[in-house]
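What follows is the content of final_15.cif, which has mmCIF, C-alpha atoms and all ligand atoms:
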```cif
data_data
#
loop_
_atom_site.label_atom_id
_atom_site.label_comp_id
_atom_site.auth_asym_id
_atom_site.auth_seq_id
_atom_site.Cartn_x
_atom_site.Cartn_y
_atom_site.Cartn_z
CA MET N 24 -31.48 0.17 48.46
CA LYS N 25 -27.77 -0.47 48.45
CA ASP N 26 -26.09 -3.64 47.22
CA SER N 27 -23.11 -5.34 48.85
CA LEU N 28 -20.73 -2.84 47.18
CA ASN N 29 -22.69 0.09 48.60
CA ARG N 30 -24.04 0.97 45.14
CA GLU N 31 -27.44 2.69 45.33
CA ILE N 32 -29.82 0.71 43.11
CA ASP N 33 -32.55 3.11 42.07
CA TYR N 34 -33.07 2.40 38.37
CA MET N 35 -35.06 -0.44 36.78
CA ARG N 36 -35.21 -1.14 33.06
CA ILE N 37 -38.25 -3.10 31.95
CA SER N 38 -38.48 -4.96 28.66
CA ILE N 39 -42.25 -4.83 28.19
CA THR N 40 -42.29 -7.07 25.12
CA ASP N 41 -39.89 -9.27 23.21
CA ARG N 42 -41.64 -8.47 19.94
CA CYS N 43 -40.30 -5.91 17.50
CA ASN N 44 -41.14 -4.30 14.17
CA LEU N 45 -37.47 -4.21 13.11
CA ARG N 46 -34.94 -7.01 12.75
CA CYS N 47 -31.60 -5.48 13.75
CA GLN N 48 -28.97 -8.04 12.92
CA TYR N 49 -27.12 -7.63 16.22
CA CYS N 50 -30.29 -7.98 18.30
CA MET N 51 -33.17 -9.85 16.68
CA PRO N 52 -32.38 -11.08 13.18
CA GLN N 53 -35.00 -12.81 10.99
CA GLY N 54 -36.34 -16.19 12.10
CA ILE N 55 -36.64 -15.62 15.86
CA LYS N 56 -39.11 -17.84 17.74
CA GLN N 57 -41.73 -15.77 19.55
CA THR N 58 -42.57 -16.18 23.21
CA MET N 59 -46.18 -17.09 24.07
CA MET N 60 -48.16 -14.09 25.31
CA SER N 61 -49.17 -16.05 28.43
CA ASP N 62 -45.49 -16.18 29.41
CA ILE N 63 -45.19 -12.40 29.20
CA LEU N 64 -46.17 -10.41 32.28
CA THR N 65 -49.30 -8.30 32.05
CA PHE N 66 -48.88 -4.55 32.59
CA GLU N 67 -50.61 -4.95 35.96
CA GLU N 68 -48.06 -7.60 36.97
CA MET N 69 -45.16 -5.38 35.86
CA ALA N 70 -46.61 -2.39 37.73
CA HIS N 71 -47.01 -4.57 40.83
CA ILE N 72 -43.32 -5.46 40.74
CA VAL N 73 -42.43 -1.80 40.25
CA SER N 74 -44.51 -0.78 43.27
CA ILE N 75 -42.58 -3.25 45.42
CA GLY N 76 -39.31 -2.08 43.86
CA ALA N 77 -40.29 1.52 44.65
CA LYS N 78 -40.57 0.62 48.34
CA LEU N 79 -36.99 -0.66 48.11
CA GLY N 80 -35.72 2.57 46.54
CA ILE N 81 -36.35 2.22 42.79
CA LYS N 82 -37.08 5.75 41.56
CA LYS N 83 -36.45 5.67 37.83
CA ILE N 84 -37.87 3.36 35.19
CA LYS N 85 -36.86 2.82 31.56
CA VAL N 86 -39.53 1.23 29.37
CA THR N 87 -37.84 -0.79 26.65
CA GLY N 88 -38.22 -4.02 24.71
CA GLY N 89 -38.23 -5.50 22.02
CA GLU N 90 -39.97 -2.48 20.64
CA PRO N 91 -42.09 -1.04 23.48
CA LEU N 92 -44.45 0.83 21.15
CA VAL N 93 -45.62 -2.38 19.44
CA ARG N 94 -47.24 -3.51 22.68
CA LEU N 95 -50.77 -2.10 22.81
CA GLY N 96 -51.32 0.02 25.87
CA CYS N 97 -47.66 1.07 26.25
CA CYS N 98 -48.60 4.72 26.88
CA ASP N 99 -51.24 3.77 29.45
CA PHE N 100 -48.61 1.62 31.15
CA ILE N 101 -46.31 4.64 31.36
CA LYS N 102 -49.14 6.60 32.97
CA MET N 103 -49.67 3.70 35.40
CA LEU N 104 -45.96 3.77 36.35
CA LYS N 105 -45.97 7.54 36.79
CA ASN N 106 -48.71 7.14 39.40
CA ILE N 107 -46.76 4.69 41.56
CA GLU N 108 -45.61 6.29 44.78
CA GLY N 109 -41.85 6.76 44.80
CA ILE N 110 -41.41 6.62 41.01
CA GLU N 111 -39.93 9.94 39.96
CA GLN N 112 -39.06 9.37 36.34
CA VAL N 113 -40.27 7.13 33.51
CA THR N 114 -38.41 7.19 30.20
CA ILE N 115 -38.62 5.11 27.03
CA THR N 116 -36.22 3.71 24.44
CA THR N 117 -37.74 3.13 21.01
CA ASN N 118 -36.62 2.47 17.45
CA GLY N 119 -38.90 5.37 16.50
CA VAL N 120 -40.87 3.56 13.78
CA LEU N 121 -44.20 4.09 15.59
CA LEU N 122 -43.34 7.45 17.11
CA ASP N 123 -45.55 9.41 14.72
CA ARG N 124 -48.57 7.41 15.93
CA TYR N 125 -47.78 7.54 19.66
CA MET N 126 -45.82 10.74 20.25
CA ASP N 127 -48.79 12.73 21.58
CA ASP N 128 -49.92 9.84 23.80
CA LEU N 129 -46.44 9.46 25.23
CA ILE N 130 -46.28 13.14 26.12
CA THR N 131 -49.80 13.05 27.60
CA ALA N 132 -48.82 9.99 29.65
CA GLY N 133 -46.03 12.08 31.16
CA VAL N 134 -42.97 10.32 29.78
CA ASP N 135 -39.86 12.15 30.99
CA SER N 136 -37.57 11.58 28.04
CA ILE N 137 -37.41 9.64 24.79
CA ASN N 138 -34.41 7.75 23.39
CA VAL N 139 -34.53 6.92 19.70
CA SER N 140 -32.16 4.26 18.33
CA ILE N 141 -30.61 5.09 14.96
CA ASP N 142 -27.28 3.49 14.06
CA THR N 143 -26.65 5.16 10.72
CA LEU N 144 -28.12 7.89 8.52
CA ASN N 145 -27.24 5.88 5.42
CA ARG N 146 -30.65 4.71 4.24
CA GLU N 147 -29.40 1.62 2.43
CA LEU N 148 -27.25 0.47 5.34
CA TYR N 149 -30.07 1.20 7.80
CA GLN N 150 -32.26 -1.10 5.77
CA LYS N 151 -29.61 -3.84 5.76
CA LEU N 152 -28.97 -3.51 9.50
CA THR N 153 -32.61 -3.31 10.58
CA GLY N 154 -34.34 -5.30 7.83
CA PHE N 155 -36.67 -2.40 6.93
CA ASP N 156 -36.54 0.79 4.88
CA LYS N 157 -37.85 2.98 7.72
CA LEU N 158 -35.10 5.56 8.20
CA ASP N 159 -36.95 8.44 6.54
CA GLU N 160 -40.05 7.86 8.68
CA VAL N 161 -37.99 7.74 11.86
CA LEU N 162 -36.13 10.93 10.96
CA GLN N 163 -39.40 12.67 10.13
CA SER N 164 -40.79 11.75 13.57
CA LEU N 165 -37.57 12.86 15.21
CA LYS N 166 -37.94 16.26 13.58
CA ILE N 167 -41.47 16.63 14.93
CA LEU N 168 -40.37 15.41 18.35
CA THR N 169 -37.83 18.24 18.66
CA ASN N 170 -40.75 20.69 18.71
CA TYR N 171 -41.91 19.23 22.02
CA ASP N 172 -40.37 20.33 25.28
CA ILE N 173 -38.96 16.93 26.19
CA PRO N 174 -35.37 15.62 26.33
CA VAL N 175 -34.52 13.51 23.29
CA LYS N 176 -31.47 11.31 22.86
CA ILE N 177 -30.20 9.26 19.95
CA ASN N 178 -28.65 5.84 20.66
CA ALA N 179 -26.26 4.43 18.07
CA VAL N 180 -24.32 1.22 18.54
CA SER N 181 -20.63 1.64 17.78
CA ILE N 182 -19.76 -0.61 14.88
CA ASP N 183 -17.58 0.08 11.88
CA LEU N 184 -20.29 1.23 9.47
CA HIS N 185 -17.80 1.53 6.60
CA GLU N 186 -16.81 -2.11 7.01
CA TYR N 187 -20.41 -3.35 7.35
CA GLY N 188 -21.32 -1.27 4.32
CA MET N 189 -18.61 -3.02 2.31
CA ARG N 190 -20.02 -6.43 3.29
CA TYR N 191 -23.27 -5.48 1.56
CA GLY N 192 -21.67 -3.60 -1.31
CA ILE N 193 -22.81 -0.24 0.11
CA ASP N 194 -20.40 2.64 -0.03
CA VAL N 195 -20.44 4.15 3.46
CA LEU N 196 -17.91 6.84 4.32
CA LYS N 197 -15.50 6.17 7.19
CA THR N 198 -16.80 9.44 8.65
CA ASP N 199 -20.45 8.31 8.60
CA TYR N 200 -20.67 8.81 12.40
CA GLN N 201 -20.29 12.54 11.75
CA ASN N 202 -23.72 12.56 10.10
CA LEU N 203 -25.23 11.26 13.34
CA ILE N 204 -23.29 13.87 15.31
CA GLU N 205 -24.74 16.56 13.03
CA LEU N 206 -28.17 15.75 14.51
CA ALA N 207 -26.90 17.50 17.65
CA HIS N 208 -25.82 20.59 15.73
CA TYR N 209 -29.05 22.53 15.34
CA ASN N 210 -31.30 20.45 17.63
CA LYS N 211 -31.22 20.00 21.36
CA ILE N 212 -30.63 16.28 20.89
CA ASP N 213 -27.89 14.31 22.64
CA VAL N 214 -26.26 11.77 20.35
CA ARG N 215 -24.87 8.77 22.24
CA PHE N 216 -22.64 6.04 20.91
CA ILE N 217 -22.84 2.68 22.68
CA GLU N 218 -20.08 0.09 22.56
CA MET N 219 -21.49 -3.13 21.15
CA MET N 220 -21.74 -5.69 23.92
CA PRO N 221 -21.19 -9.43 23.34
CA ILE N 222 -24.75 -10.39 24.24
CA GLY N 223 -26.90 -12.55 21.97
CA TYR N 224 -26.38 -11.77 18.30
CA GLY N 225 -24.17 -8.84 19.31
CA LYS N 226 -21.44 -11.48 19.70
CA ASN N 227 -21.22 -11.59 15.89
CA PHE N 228 -20.32 -7.89 15.73
CA GLU N 229 -17.09 -6.19 16.64
CA THR N 230 -17.40 -3.07 18.76
CA ILE N 231 -15.48 0.09 18.01
CA ASN N 232 -13.07 0.78 20.86
CA HIS N 233 -14.30 4.04 22.39
CA GLN N 234 -10.84 5.04 23.58
CA ASP N 235 -9.78 5.12 19.92
CA PHE N 236 -13.08 6.70 18.89
CA LEU N 237 -12.63 9.52 21.42
CA GLN N 238 -9.16 10.26 20.02
CA GLN N 239 -10.68 10.42 16.54
CA LEU N 240 -13.46 12.72 17.74
CA LYS N 241 -10.84 15.00 19.31
CA LYS N 242 -9.16 15.28 15.91
CA ASP N 243 -12.48 16.02 14.19
CA TYR N 244 -13.90 18.51 16.70
CA VAL N 245 -12.92 20.71 19.61
CA LEU N 246 -14.48 18.71 22.43
CA GLN N 247 -15.10 19.89 25.95
CA GLU N 248 -16.18 17.56 28.73
CA ASP N 249 -19.77 18.23 29.66
CA SER N 250 -20.36 17.43 33.32
CA THR N 251 -24.02 18.43 33.42
CA ILE N 252 -26.39 15.56 34.24
CA HIS N 253 -28.14 14.20 31.17
CA GLY N 254 -29.95 11.15 32.54
CA ASN N 255 -29.55 8.03 34.65
CA GLY N 256 -26.92 6.29 32.66
CA PRO N 257 -23.18 5.90 32.45
CA ALA N 258 -22.59 8.03 29.35
CA VAL N 259 -19.67 10.45 29.42
CA TYR N 260 -20.75 13.60 27.58
CA TYR N 261 -18.84 16.12 25.49
CA LYS N 262 -19.85 19.49 24.08
CA ILE N 263 -18.84 20.72 20.66
CA ASP N 264 -18.73 24.47 20.37
CA GLY N 265 -21.80 25.75 18.53
CA TYR N 266 -23.73 22.46 18.84
CA GLU N 267 -27.00 22.49 20.74
CA GLY N 268 -26.87 18.87 21.85
CA SER N 269 -24.05 16.93 23.47
CA ILE N 270 -22.20 13.82 22.33
CA GLY N 271 -22.23 10.87 24.73
CA LEU N 272 -20.03 7.80 24.88
CA ILE N 273 -21.29 4.68 26.67
CA SER N 274 -18.24 2.49 26.90
CA ALA N 275 -19.13 -0.71 28.75
CA ILE N 276 -16.14 -2.58 27.33
CA HIS N 277 -13.31 -0.03 27.11
CA GLY N 278 -14.46 2.26 29.91
CA LYS N 279 -16.01 -0.14 32.41
CA PHE N 280 -18.38 1.70 34.76
CA CYS N 281 -19.56 -1.18 36.99
CA ASP N 282 -18.44 0.64 40.16
CA SER N 283 -21.25 3.13 39.67
CA CYS N 284 -23.87 0.74 38.27
CA ASN N 285 -27.29 1.70 39.65
CA ARG N 286 -29.56 -0.62 37.68
CA ILE N 287 -31.51 -3.84 37.60
CA ARG N 288 -33.47 -5.21 34.64
CA LEU N 289 -36.85 -6.91 34.44
CA THR N 290 -37.42 -9.09 31.37
CA SER N 291 -40.83 -9.28 29.76
CA GLN N 292 -41.15 -12.77 31.25
CA GLY N 293 -40.59 -11.49 34.77
CA TYR N 294 -36.95 -12.44 35.35
CA LEU N 295 -35.14 -9.82 37.43
CA LYS N 296 -31.58 -9.54 36.14
CA THR N 297 -28.85 -7.92 38.17
CA CYS N 298 -26.07 -7.70 35.54
CA LEU N 299 -26.14 -7.78 31.73
CA CYS N 300 -23.27 -10.23 31.57
CA PHE N 301 -24.59 -13.00 33.80
CA ASN N 302 -27.86 -14.83 34.22
CA ASP N 303 -27.86 -14.06 37.96
CA GLY N 304 -31.20 -12.87 39.27
CA VAL N 305 -34.58 -14.21 40.26
CA ASP N 306 -37.72 -15.46 38.53
CA LEU N 307 -40.36 -13.08 39.91
CA ARG N 308 -43.13 -14.43 37.64
CA THR N 309 -43.27 -17.74 39.50
CA ILE N 310 -43.66 -15.95 42.83
CA LEU N 311 -46.12 -13.45 41.35
CA ARG N 312 -48.36 -16.20 39.97
CA SER N 313 -47.93 -18.62 42.88
CA GLY N 314 -51.10 -17.54 44.66
CA ALA N 315 -49.16 -17.48 47.96
CA HIS N 316 -50.97 -15.47 50.66
CA ASN N 317 -47.69 -13.68 51.49
CA ARG N 318 -46.80 -13.10 47.85
CA ASP N 319 -45.74 -9.46 48.29
CA GLU N 320 -43.47 -10.35 51.19
CA LEU N 321 -41.88 -13.09 49.08
CA LEU N 322 -41.45 -10.71 46.14
CA GLU N 323 -39.81 -8.11 48.35
CA GLU N 324 -37.46 -10.67 49.86
CA ALA N 325 -36.54 -12.03 46.43
CA ILE N 326 -35.80 -8.56 45.02
CA LYS N 327 -33.71 -7.64 48.08
CA LYS N 328 -31.74 -10.87 47.87
CA ALA N 329 -31.09 -10.40 44.15
CA ILE N 330 -29.85 -6.83 44.72
CA VAL N 331 -27.57 -7.87 47.57
CA HIS N 332 -26.02 -10.52 45.32
CA LYS N 333 -25.65 -8.22 42.30
CA PRO N 334 -22.32 -9.16 40.65
CA ASN N 335 -19.44 -6.77 41.31
CA ALA N 336 -18.60 -6.24 37.65
CA HIS N 337 -19.19 -7.68 34.20
CA ARG N 338 -16.60 -9.88 32.54
CA PHE N 339 -17.30 -9.17 28.88
CA GLU N 340 -13.56 -9.19 28.27
CA ASN N 341 -13.56 -12.98 28.92
CA LYS N 342 -16.18 -14.42 26.59
CA GLU N 343 -16.19 -17.79 28.39
CA ASP N 344 -17.30 -16.04 31.62
CA ILE N 345 -20.47 -14.61 30.05
CA SER N 346 -23.31 -16.75 31.43
CA GLU N 347 -26.20 -14.74 29.94
CA ASP N 348 -27.78 -16.63 27.05
CA LYS N 349 -30.87 -14.44 26.60
CA ASN N 350 -30.97 -12.11 23.63
CA MET N 351 -30.93 -8.34 23.91
CA TYR N 352 -34.56 -7.97 22.78
CA MET N 353 -35.59 -10.04 25.82
CA ILE N 354 -33.42 -8.02 28.17
CA GLY N 355 -34.07 -4.54 26.81
CA GLY N 356 -30.52 -3.23 26.35
N1 LIG U 401 -36.39 -1.43 20.27
C1 LIG U 401 -35.93 -0.40 21.10
C2 LIG U 401 -34.72 0.29 20.50
O1 LIG U 401 -34.16 -0.23 19.55
O2 LIG U 401 -34.36 1.34 21.02
C3 LIG U 401 -35.63 -0.80 22.54
C4 LIG U 401 -34.93 -2.11 22.76
S1 LIG U 401 -33.25 -2.19 22.17
C5 LIG U 401 -32.77 -3.79 22.75
C6 LIG U 401 -32.45 -1.05 23.25
C7 LIG U 401 -31.07 -0.60 22.83
O3 LIG U 401 -30.17 -1.69 22.92
C8 LIG U 401 -30.98 -0.10 21.38
O4 LIG U 401 -30.40 1.19 21.39
C9 LIG U 401 -30.08 -1.10 20.70
O5 LIG U 401 -29.31 -0.52 19.69
C10 LIG U 401 -29.22 -1.55 21.88
N2 LIG U 401 -28.56 -2.85 21.68
C11 LIG U 401 -29.09 -4.00 21.20
N3 LIG U 401 -28.15 -4.99 21.19
C12 LIG U 401 -27.03 -4.44 21.72
C13 LIG U 401 -25.71 -4.94 22.01
N4 LIG U 401 -25.37 -6.20 21.78
N5 LIG U 401 -24.80 -4.10 22.56
C14 LIG U 401 -25.13 -2.79 22.81
N6 LIG U 401 -26.35 -2.27 22.58
C15 LIG U 401 -27.28 -3.08 22.04
FE1 LIG U 402 -35.87 -4.24 17.70
FE2 LIG U 402 -34.56 -2.47 19.18
FE3 LIG U 402 -33.62 -4.96 18.87
FE4 LIG U 402 -33.57 -3.34 16.80
S1 LIG U 402 -32.44 -3.06 18.73
S2 LIG U 402 -34.31 -5.46 16.78
S3 LIG U 402 -35.35 -2.15 17.11
S4 LIG U 402 -35.46 -4.42 19.89
#
```
Show the structure stored in the file as structure tokens.
Ligand code: SAM
Ligand code: SF4
Amino acid sequence: MKDSLNREIDYMRISITDRCNLRCQYCMPQGIKQTMMSDILTFEEMAHIVSIGAKLGIKKIKVTGGEPLVRLGCCDFIKMLKNIEGIEQVTITTNGVLLDRYMDDLITAGVDSINVSIDTLNRELYQKLTGFDKLDEVLQSLKILTNYDIPVKINAVSIDLHEYGMRYGIDVLKTDYQNLIELAHYNKIDVRFIEMMPIGYGKNFETINHQDFLQQLKKDYVLQEDSTIHGNGPAVYYKIDGYEGSIGLISAIHGKFCDSCNRIRLTSQGYLKTCLCFNDGVDLRTILRSGAHNRDELLEEAIKKAIVHKPNAHRFENKEDISEDKNMYMIGG
């Protein structure tokens, strides 16, 4: 369905768990209090919301988290979503740590594409940023994944890795991002850089300005705009001659794309969010568990109302206007 700005809302991101097996410092550092499982929606409850969303025009789902693969039954849930009438595409975003265990199940479940988050190929810095020495395992899984006939994308948050390296006494080259870009050289993998957004612990990190980053990339490589469609998101893609994959820039801060925003987000606790920046939305869990005889009608009305009132644009540039106080692992990115 369309919102008040005539934007077609057809994409729902679902954070299926707020638990994670990594502790990225900008998302879920050590010492986080865990939510009680009874407060988290069951897969059946999530699928029920999706089926109502599908009637309102939701066609594409991103399964995210926390780390989606730590929730038992994630692949069965994907299968469940794929069987909902009107749902055309189900994709997943994972940190990749459990990919070796679940890759086959994900493919069998019919997942349409897999995003793997890797911010640096420097093993020491990866360990500092994520809390765990898992880079080699993730890269090994990534290598195996490229043998499957499924679109794969890398997500890397744009922070100054050289500067963060220095903080920990790790010598990281200023050109470290080029190592990530090399993943697109001989593999059909798109490598996407995402401006760090001031949400949760991300507020403690400075984003790289993608306008500057693009100028730098143009000095490093011969870039050509790539207008082919790569997914549901706002990334602007570039091709480098001789590289199999493309390079994507997701620039929420320095290349605001709110005019074409097509998404809503469901938190693991059943809150339907209509913009990353604000806490606007509706608590669907209360309606879902109310026992009301007209529960589905109420859910549909609540989702419609939330979409109609979707904020026009984020205001990340004015920190005092950000009303969202949930952390990214609750929201799903
Ligand atoms: N655990 C999974 C993963 O890491 O891919 C899925 C959840 S994670 C919250 C989804 C994406 O959000 C990751 O690519 C992560 O790097 C990104 N992310 C987390 N905090 C962010 C922030 N403040 N700004 C931009 N991206 C962020
Ligand atoms: Fe976990 Fe993903 Fe957040 Fe890192 S970004 S802590 S992997 S949820």
With a cut-off of 7 Å, could you pull out the residues of chain N touching ligand LIG 401 (chain U) and give me the nearest pair of atoms for each, distance in Å to one decimal, using all atoms listed in the file, ordered by chain and ascending number, as a tab-separated table?
```
residue	atom	partner	partner_atom	distance
N:Cys43	CA	U:LIG401	N1	6.6
N:Tyr49	CA	U:LIG401	N3	5.7
N:Cys50	CA	U:LIG401	N3	4.7
N:Thr87	CA	U:LIG401	C3	4.7
N:Gly88	CA	U:LIG401	C4	4.3
N:Gly89	CA	U:LIG401	C4	4.8
N:Glu90	CA	U:LIG401	N1	3.7
N:Pro91	CA	U:LIG401	C3	6.5
N:Thr116	CA	U:LIG401	O2	4.6
N:Thr117	CA	U:LIG401	O2	3.8
N:Asn118	CA	U:LIG401	C2	4.2
N:Asn138	CA	U:LIG401	O2	6.8
N:Val139	CA	U:LIG401	O2	5.7
N:Ser140	CA	U:LIG401	O2	4.5
N:Asn178	CA	U:LIG401	O4	5.0
N:Ala179	CA	U:LIG401	O5	6.0
N:Val180	CA	U:LIG401	O5	5.4
N:Ile217	CA	U:LIG401	C14	5.9
N:Glu218	CA	U:LIG401	C14	5.8
N:Met219	CA	U:LIG401	N5	3.7
N:Met220	CA	U:LIG401	N5	3.7
N:Pro221	CA	U:LIG401	N4	5.5
N:Ile222	CA	U:LIG401	N4	4.9
N:Gly223	CA	U:LIG401	N4	6.5
N:Tyr224	CA	U:LIG401	N4	6.6
N:Gly225	CA	U:LIG401	N4	3.8
N:Lys226	CA	U:LIG401	N4	6.9
N:Met351	CA	U:LIG401	C5	5.0
N:Tyr352	CA	U:LIG401	C5	4.5
N:Ile354	CA	U:LIG401	C5	6.9
N:Gly355	CA	U:LIG401	C5	4.3
N:Gly356	CA	U:LIG401	O3	3.8
```
Generate the output file for the selected residues, C-alpha atoms, as a PDB file, in the coordinates of the input.
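What landed in part10.pdb:
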```
ATOM      1  CA  CYS N  43     -40.300  -5.910  17.500  1.00  0.00           C
ATOM      2  CA  TYR N  49     -27.120  -7.630  16.220  1.00  0.00           C
ATOM      3  CA  CYS N  50     -30.290  -7.980  18.300  1.00  0.00           C
ATOM      4  CA  THR N  87     -37.840  -0.790  26.650  1.00  0.00           C
ATOM      5  CA  GLY N  88     -38.220  -4.020  24.710  1.00  0.00           C
ATOM      6  CA  GLY N  89     -38.230  -5.500  22.020  1.00  0.00           C
ATOM      7  CA  GLU N  90     -39.970  -2.480  20.640  1.00  0.00           C
ATOM      8  CA  PRO N  91     -42.090  -1.040  23.480  1.00  0.00           C
ATOM      9  CA  THR N 116     -36.220   3.710  24.440  1.00  0.00           C
ATOM     10  CA  THR N 117     -37.740   3.130  21.010  1.00  0.00           C
ATOM     11  CA  ASN N 118     -36.620   2.470  17.450  1.00  0.00           C
ATOM     12  CA  ASN N 138     -34.410   7.750  23.390  1.00  0.00           C
ATOM     13  CA  VAL N 139     -34.530   6.920  19.700  1.00  0.00           C
ATOM     14  CA  SER N 140     -32.160   4.260  18.330  1.00  0.00           C
ATOM     15  CA  ASN N 178     -28.650   5.840  20.660  1.00  0.00           C
ATOM     16  CA  ALA N 179     -26.260   4.430  18.070  1.00  0.00           C
ATOM     17  CA  VAL N 180     -24.320   1.220  18.540  1.00  0.00           C
ATOM     18  CA  ILE N 217     -22.840   2.680  22.680  1.00  0.00           C
ATOM     19  CA  GLU N 218     -20.080   0.090  22.560  1.00  0.00           C
ATOM     20  CA  MET N 219     -21.490  -3.130  21.150  1.00  0.00           C
ATOM     21  CA  MET N 220     -21.740  -5.690  23.920  1.00  0.00           C
ATOM     22  CA  PRO N 221     -21.190  -9.430  23.340  1.00  0.00           C
ATOM     23  CA  ILE N 222     -24.750 -10.390  24.240  1.00  0.00           C
ATOM     24  CA  GLY N 223     -26.900 -12.550  21.970  1.00  0.00           C
ATOM     25  CA  TYR N 224     -26.380 -11.770  18.300  1.00  0.00           C
ATOM     26  CA  GLY N 225     -24.170  -8.840  19.310  1.00  0.00           C
ATOM     27  CA  LYS N 226     -21.440 -11.480  19.700  1.00  0.00           C
ATOM     28  CA  MET N 351     -30.930  -8.340  23.910  1.00  0.00           C
ATOM     29  CA  TYR N 352     -34.560  -7.970  22.780  1.00  0.00           C
ATOM     30  CA  ILE N 354     -33.420  -8.020  28.170  1.00  0.00           C
ATOM     31  CA  GLY N 355     -34.070  -4.540  26.810  1.00  0.00           C
ATOM     32  CA  GLY N 356     -30.520  -3.230  26.350  1.00  0.00           C
TER      33      GLY N 356
END
```
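The space between atom CA of Val86 of chain N and atom CA of Leu28 of chain N spans 26.2 Å.
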Under the rule of at most 9 Å, produce a per-residue listing of segment 152-244 of chain N near segment 259-273 of chain N: chain, number, name, the closest pair of atoms, and the distance in Å, as a tab-separated table, using only C-alpha atoms.
```
residue	atom	partner	partner_atom	distance
N:Lys176	CA	N:Gly268	CA	8.9
N:Ile204	CA	N:Ile270	CA	7.1
N:Glu205	CA	N:Tyr266	CA	8.3
N:Leu206	CA	N:Gly268	CA	8.1
N:Ala207	CA	N:Gly268	CA	4.4
N:His208	CA	N:Tyr266	CA	4.2
N:Tyr209	CA	N:Glu267	CA	5.8
N:Asn210	CA	N:Glu267	CA	5.7
N:Lys211	CA	N:Gly268	CA	4.5
N:Ile212	CA	N:Gly268	CA	4.7
N:Asp213	CA	N:Ser269	CA	4.7
N:Val214	CA	N:Ile270	CA	5.0
N:Arg215	CA	N:Gly271	CA	4.2
N:Phe216	CA	N:Leu272	CA	5.1
N:Ile217	CA	N:Ile273	CA	4.7
N:Glu218	CA	N:Ile273	CA	6.3
N:His233	CA	N:Leu272	CA	7.3
N:Leu237	CA	N:Leu272	CA	8.3
N:Tyr244	CA	N:Ile263	CA	6.7
```
Those selected residues, please, written with C-alpha atoms and delivered as a compact mmCIF listing (two decimals), in the coordinates of the input.
```txt
# COMPACT_ATOMS: atom_id res chain seq x y z
CA LYS N 176 -31.47 11.31 22.86
CA ILE N 204 -23.29 13.87 15.31
CA GLU N 205 -24.74 16.56 13.03
CA LEU N 206 -28.17 15.75 14.51
CA ALA N 207 -26.90 17.50 17.65
CA HIS N 208 -25.82 20.59 15.73
CA TYR N 209 -29.05 22.53 15.34
CA ASN N 210 -31.30 20.45 17.63
CA LYS N 211 -31.22 20.00 21.36
CA ILE N 212 -30.63 16.28 20.89
CA ASP N 213 -27.89 14.31 22.64
CA VAL N 214 -26.26 11.77 20.35
CA ARG N 215 -24.87 8.77 22.24
CA PHE N 216 -22.64 6.04 20.91
CA ILE N 217 -22.84 2.68 22.68
CA GLU N 218 -20.08 0.09 22.56
CA HIS N 233 -14.30 4.04 22.39
CA LEU N 237 -12.63 9.52 21.42
CA TYR N 244 -13.90 18.51 16.70
```
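For the pair atom CA of Val73 of chain N and atom CA of Ala132 of chain N, the interatomic distance is 17.1 Å.
Closest approach to Ala77 of chain N from the set N:Cys300, N:Met60, N:Val93, N:Ile32 is made by N:Ile32, with distances taken over all atoms listed in the file.
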Please, what is the axis-aligned box for every listed atom of ligand LIG 402 (chain U) with 3 Å on each side, as centre and edge lengths in Å to one decimal, as AutoDock Vina command-line options?
```
--center_x -34.2 --center_y -3.8 --center_z 18.3 --size_x 9.4 --size_y 9.3 --size_z 9.1
```
Next item on the list: Determine the nearest neighbour of Leu104 of chain N from the options N:Leu152, N:Ile55, N:Met126, N:Met35, counting all atoms listed in the file.
Entry: N:Met35
Next item on the list: Please indicate the distance in Å from atom CA of Met59 of chain N to atom CA of Ile37 of chain N, rounded to one decimal place.
Entry: 17.9 Å
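Proximity ranking of N:Arg146, N:Lys85, N:His316, N:Lys342 relative to Asp194 of chain N places N:Arg146 first, based on all atoms listed in the file.
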Notebook entry, point to check: Could you pull the residues within 10 Å of segment 303-313 of chain N, counting all atoms listed in the file, minus those fewer than 5 positions along the same chain, as a PyMOL selection string?
Noted result: chain N and resi 62-64+68-69+71-72+287-298+318-319+321-323+325-326+328-330+332-334+346-347
Item checked: Spatial neighbours of Asp128 of chain N, 9 Å, only C-alpha atoms, chain gap at least 4 places, as a PyMOL selection string -> chain N and resi 98-99+124+132-133
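Considering the residues N:Gln112, N:Ser74, N:Ser27, N:Asn145 and counting all atoms listed in the file, Leu203 of chain N has its shortest atom-to-atom contact with N:Asn145.
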Notebook entry, point to check: With distances taken over all atoms listed in the file, which of N:Ile137, N:Arg94, N:Leu79, N:Arg190 is nearest to Gly119 of chain N?
Noted result: N:Ile137
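Excluding Leu162 of chain N itself and any same-chain residue fewer than 2 positions from it, the protein and nucleic acid residues within 12 Å of it, counting all atoms listed in the file, are Asn118, Gly119, Val120, Leu121, Leu122, Asp123, Val139, Ser140, Ile141, Asp142, Thr143, Leu144, Asn145, Arg146, Tyr149, Asp156, Lys157, Leu158, Asp159, Glu160, Ser164, Leu165, Lys166, Ile167, Leu168, Thr169, Ile177, Leu203 and Leu206 of chain N.
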Next item on the list: Compile the contact shell of Met189 of chain N as a list in words: residues with an atom at most 12 Å away, counting all atoms listed in the file, same-chain residues fewer than 5 positions apart removed.
Entry: Glu147, Leu148, Lys151, Asp183, Leu184, Asp194, Val195, Leu196 and Lys197 of chain N
